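Peer 1: Sharing a structure here in structure tokens format.
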Amino acid sequence: MTQEGKKFSYVQLLETNNLIQYVADESYWLCLTRTVQESKLYPVSAYILLSYLNAFYRYPELLRKIETRMKAEDIADRSRAMGVKLQASQMTWCLPAFYLLGRELLLSYGLLRPQDAVEDIVYVMDFWKRFQLSWQRNNGHLSNAQAGHRAQILPDRTLEVFCADLFHCQPGDKLHEAANAFMASASQYAFLASCESRINLTNSGPYRIDAHHELLVRDFMDMGECSLPWLDGVAAKVPFNNFTVTMSVRDCHFHLIDDWGSFEANPAFTADKLAGVGLYVSDSLSDGYIPYGMGSVTELAETFAALNEALKEATNELWLRMAAWSRDQLLDAGALTYFTTAKELAHVAGVFDVSDWLEIDPRADCFRPLLNDEYGNVALAELVGKLTLPSQQRSPFTMAKFADRPVSMCTPIPYSILSGDDYVPSTGPIQAGGSSLPPKADRYRTTRGTLTLSEYNALAREHVPEICTDPYRFLCETWVKYNGHTPLADRLYQLEQRHSRTLRGRGSNPRGQ
Amino acid sequence: MTDDRYAEAPESILVEATHNAIRDLARRKLAESGGDWTGLVQGAVGASLTRSEVEGVERRLLDSGYRFAWSSTLSLRDRPEIYASADGALDDATFCFRHPAAVVAPADETGREQKGVGDNVVQFAANVIGTALYVRTSDKVLQLMREGVGKDTIAIIDDSGGTLTAPILSQFVAVICAGGTVRSHLGILTREYGIPCLMNAKLSDIRSGDRVELETSALARPVETYQTGEELPARIWKLP
């Protein structure tokens with residue numbers, strides 16, 4: 001209980017509280033349009049609460065470990081060139097929200113005061129802010145919500161390739177049918193693989209193609225034998241871990257892409273509006289997006305069809321595995337799915353460790369006996385929907401954003417610690433934990449083949465995508481606007497076009513302007 | 001812990017009782033450790049709560065005669081002693097929902113009786129007709145995986161999750177879900193599959209085997225209406 005050696009200033013606390021309130025408001029809006037997600041298979045609410053607690057106790061140290069190798073903003077720069085779990089919802093919402101909601105639960109348990117763990121809180125929120133600002137550097141916002149529920153992440157050069165390489169399709173043709181069947185099966189499998197969550201799915205965009213078409217980028221992630229141990233074996237026939245589908249959609253405006261990566265369109269998006277499609281794979285070892293099955297219309301249709309069969313088979317096998325699990329296993333898998341939403345940070349930095357990411361910390365695990373189905377459902381509903389926990393009540397004069405009531409989902413840090421109030425700086429080191437699940441097989445599917453973890457980490461530490469090296473890294477969209485006809489811009493665009501069927505070698509002026 | 005000027009008790013009695021018990025436990029641990037608050041926050045051995053102490057909280061709730069409501073059938077399977085029993089067998093062929101909010105109407109000129117309403121996920125050109133089938137347990141899903149799904153089956157599903165029916169969802173001609181919103185997982189998945197679906201359904205007296213018609217030609221319910229409270233019900237009829 002000391003304030004000696006404080007590591008933060010008034011301005012840092014002001015900024016941290018701003019970020020906390022931002023997450024609180026947006027989380028309420030996101031939760032408003034969904035009921036508490038119940039499932040007859042998974043004890044969803046219970047595992048969500050367990051994951052929040054695990055996140056609170058473990059994220060600070062794990063993020064600090066990652067930053068010993070690579071800064072948050074550097075990881076985000078790399079993330080724009082791959083469709084992995086470093087987008088919305090994983091980073092844009094889950095990372096700060098899970099951490100803060102774990103804190104809120106512990107406040108409600110009386111095991112924490114608002115000023116405790118302040119150094120951790122300031123650090124986690126700063127990490128998140130740096131990541132997000134870098135991830136969204138092409139649109140200058142902190143989140144999709146701040147950008148008006150829009151996720152315009154990618155640079156012009158990537159979008160130019162995505163659009164040029166689309167294969168056109170229409171209802172009734174083989175590609176149209178195969179692409180839609182794949183997306184349905186992939187969505188189904190992704191919900192199952194992520195234990196009844198949408199964490200393995202995301203959408204970004206929309207990007208304007210022309211007056212009648214918009215581009216939506218859809219990512220299906222952690223589909224193969226990845227760091228989620230329950231996919232060992234069942235996903236052996238899934239050839240890659242992350243699939244990016246680029247879709248041109250006709251006469252349909254995606255008016256909302258939220259911080260969970262979900263979309264809304266007007267008129268509603270239905271399969272018949274799909275007008276063009278592409279398919280890519282990527283991960284932390286790939287140098288950008290790699291076209292997959294994109295040699296011809298026929299090849300792409302066959303690739304989608306083969307993937308569809310592989311995913312259906314994996315879905316059936318995985319469902320049978322999960323249906324035979326004990327409740328503790330369901331609870332652990334669900335909690336770890338949520339908790340590991342940020343694990344790709346460690347893969348990019350080459351510091352992934354099974355004991356860091358695939359264990360429940362004993363400080364969180366001790367609450368397991370509370371987490372029956374009913375408590376899980378009602379406590380989660382109060383925490384994120386009704387905002388009726390004692391710590392969430394505010395002065396009766398308060399009219400909260402969206403809620404219009406004297407409430408807030410998350411508690412700010414009290415400034416009084418700057419004038420002498422005592423606090424505990426940190427929750428301290430992570431503690432050796434465990435899980436009731438079978439251990440993770442030392443097998444990770446990547447774009448460079450199936451690797452052991454030590455091979456994977458070593459390659460990740462060596463790998464620097466060319467786009468993230470000098471002189472390219474800081475050649476942003478503003479630079480391109482004023483330097484589009486220079487040889488350096490040509491080289492920048494040619495890097496992106498290396499795998500393009502239609503634009504390879506064209507450089508920065510493919511439209512012939 | 002200090003006073004809280006604005007605090008009110010949680011809405012749920014179970015949450016209040018559970019949190020009060022944990023707070024009492026925390027106070028006791030703090031006193032036993034001689035006021036080691038840092039140890040309590042950091043989970044130091046001896047200063048922090050143990051799993052067995054937290055198990056005591058559950059035990060006291062159960063000793064009072066309370067039994068928890070279950071939502072996962074696998075939770076009920078593993079620890080039936082702590083959960084309130086199910087209302088009859090979950091796969092009882094005679095089961096039917098009787099939601100108080102179900103909107104019903106007498107038979108129209110064609111003999112259709114309105115037996116409920118739901119939120120339409122996607123507007124289709126025509127209504128869907130099929131045979132109702134409750135799918136409420138993993139055992140039922142296993143049976144359907146083995147025996148196949150009837151060709152015009154309309155699944156009636158309790159919850160808005162997308163995992164219980166994962167291996168068979170694509171085989172239904174339509175889905176009625178008694179929970180969620182059009183944005184819930186099951187809503188998203190049926191939209192991907194192009195399967196007509198009514199979410200947030202309120203039903204009365206529809207049983208497995210009944211022929212039913214879903215008003216999937218109704219307007220899809222916009223997400224914004226969950227904030228405004230505007231209802232846009234699509235009707236569900238039992239056919240003669």
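Going through the structure tokens in order, the chains are called A, B, and so on, while each chain numbers its residues from 1 and the ligands are numbered from 1 in the order shown.
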Quick one: everything within 10 Å of stretch 255-265 of chain A, counting only C-alpha atoms, minus sequence neighbours fewer than 6 positions away in the same chain. Send it as JSON, numbers by chain.
Peer 2: {"A": [26, 27, 30, 87, 88, 89, 90, 91, 92, 93, 94, 143, 144, 145, 146, 147, 148, 149, 150, 151, 152, 198, 199, 201, 202, 203, 204, 205, 206, 216, 218, 219], "B": [183, 188, 222, 223]}
Peer 1: Could you please tell me, as a PyMOL selection string, which residues of chain B have an atom within 7 Å of chain A when using only C-alpha atoms?
Peer 2: chain B and resi 1+6-12+14-15+19+22-23+26+38+40-43+50-51+54-55+58+68-75+78+137-138+159-164+166-167+180-181+183-184+189+192-193+223+226-227
Peer 1: May I ask which of the residues B:Cys96, B:Ile176, B:Leu169, B:Ala86 is the closest one to B:Val141, counting only C-alpha atoms?
Peer 2: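 Answer, going by the shortest atom-to-atom distance: B:Leu169.
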Peer 1: May I have the residues within 10 Å of B:Ser217 as a ChimeraX atom specification, using only C-alpha atoms and disregarding those fewer than 5 positions away in the same chain?
Peer 2: /B:120,122-128,196,234-235
Peer 1: What are the nearest atom pairs, with distances in Å to one decimal, for all residues of stretch 128-198 of chain B that come at most 8 Å from stretch 208-213 of chain B, using only C-alpha atoms, set out by chain and rising residue number as a tab-separated table?
Peer 2:
residue	atom	partner	partner_atom	distance
B:Val128	CA	B:Glu213	CA	5.6
B:Ile129	CA	B:Glu213	CA	4.4
B:Gly130	CA	B:Arg211	CA	5.7
B:Thr131	CA	B:Arg211	CA	4.6
B:Ala132	CA	B:Ser208	CA	4.9
B:Leu133	CA	B:Ser208	CA	4.4
B:Tyr134	CA	B:Ser208	CA	5.8
Peer 1: Atom CA of A:Asp165 and atom CA of A:Ala235, how far apart in Å?
Peer 2: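 According to the coordinates, atom CA of A:Ala235 and atom CA of A:Asp165 are separated by 28.6 Å.
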Peer 1: I need the residues of stretch 383-453 of chain A that end up classed as strand (DSSP E or B) by DSSP on the backbone, written out as a list in words.
Peer 2: Gln393, Val407, Gly434, Tyr444, Arg445, Thr446, Gly449, Thr450 and Leu451 of chain A
Peer 1: Have a look at B:His185, B:Ile195, B:Arg207, B:Lys151 and name the one nearest to B:Val135; count only C-alpha atoms.
Peer 2: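 Going through B:His185, B:Ile195, B:Arg207, B:Lys151 one by one, the smallest distance to B:Val135 is for B:Arg207.
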Peer 1: If we count only C-alpha atoms, what is near A:Trp479 at a cut-off of 12 Å, once residues fewer than 2 positions away on the same chain are taken out, given as a compact mmCIF listing (two decimals) with C-alpha atoms, in the first residue's frame?
Peer 2:
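Done, and the output landed in part-v4.txt:
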# COMPACT_ATOMS: atom_id res chain seq x y z
CA ASN A 138 -5.18 4.70 -42.41
CA PRO A 155 -4.22 0.80 -47.60
CA ASP A 156 -4.98 1.64 -51.23
CA TYR A 472 8.52 1.24 -46.71
CA ARG A 473 7.16 1.20 -43.19
CA PHE A 474 6.21 4.84 -42.90
CA LEU A 475 5.06 5.31 -46.49
CA CYS A 476 1.52 6.01 -45.49
CA GLU A 477 -1.56 6.93 -47.50
CA LYS A 481 -1.15 10.79 -52.32
CA TYR A 482 1.72 13.18 -53.02
CA ASN A 483 4.35 10.71 -54.27
CA GLY A 484 2.34 8.27 -56.34
CA HIS A 485 4.48 8.62 -59.45
CA THR A 486 7.87 8.12 -57.84
CA LEU A 488 9.71 4.37 -54.50
CA ALA A 489 5.91 4.33 -54.76
CA LEU A 492 5.87 -0.09 -52.59
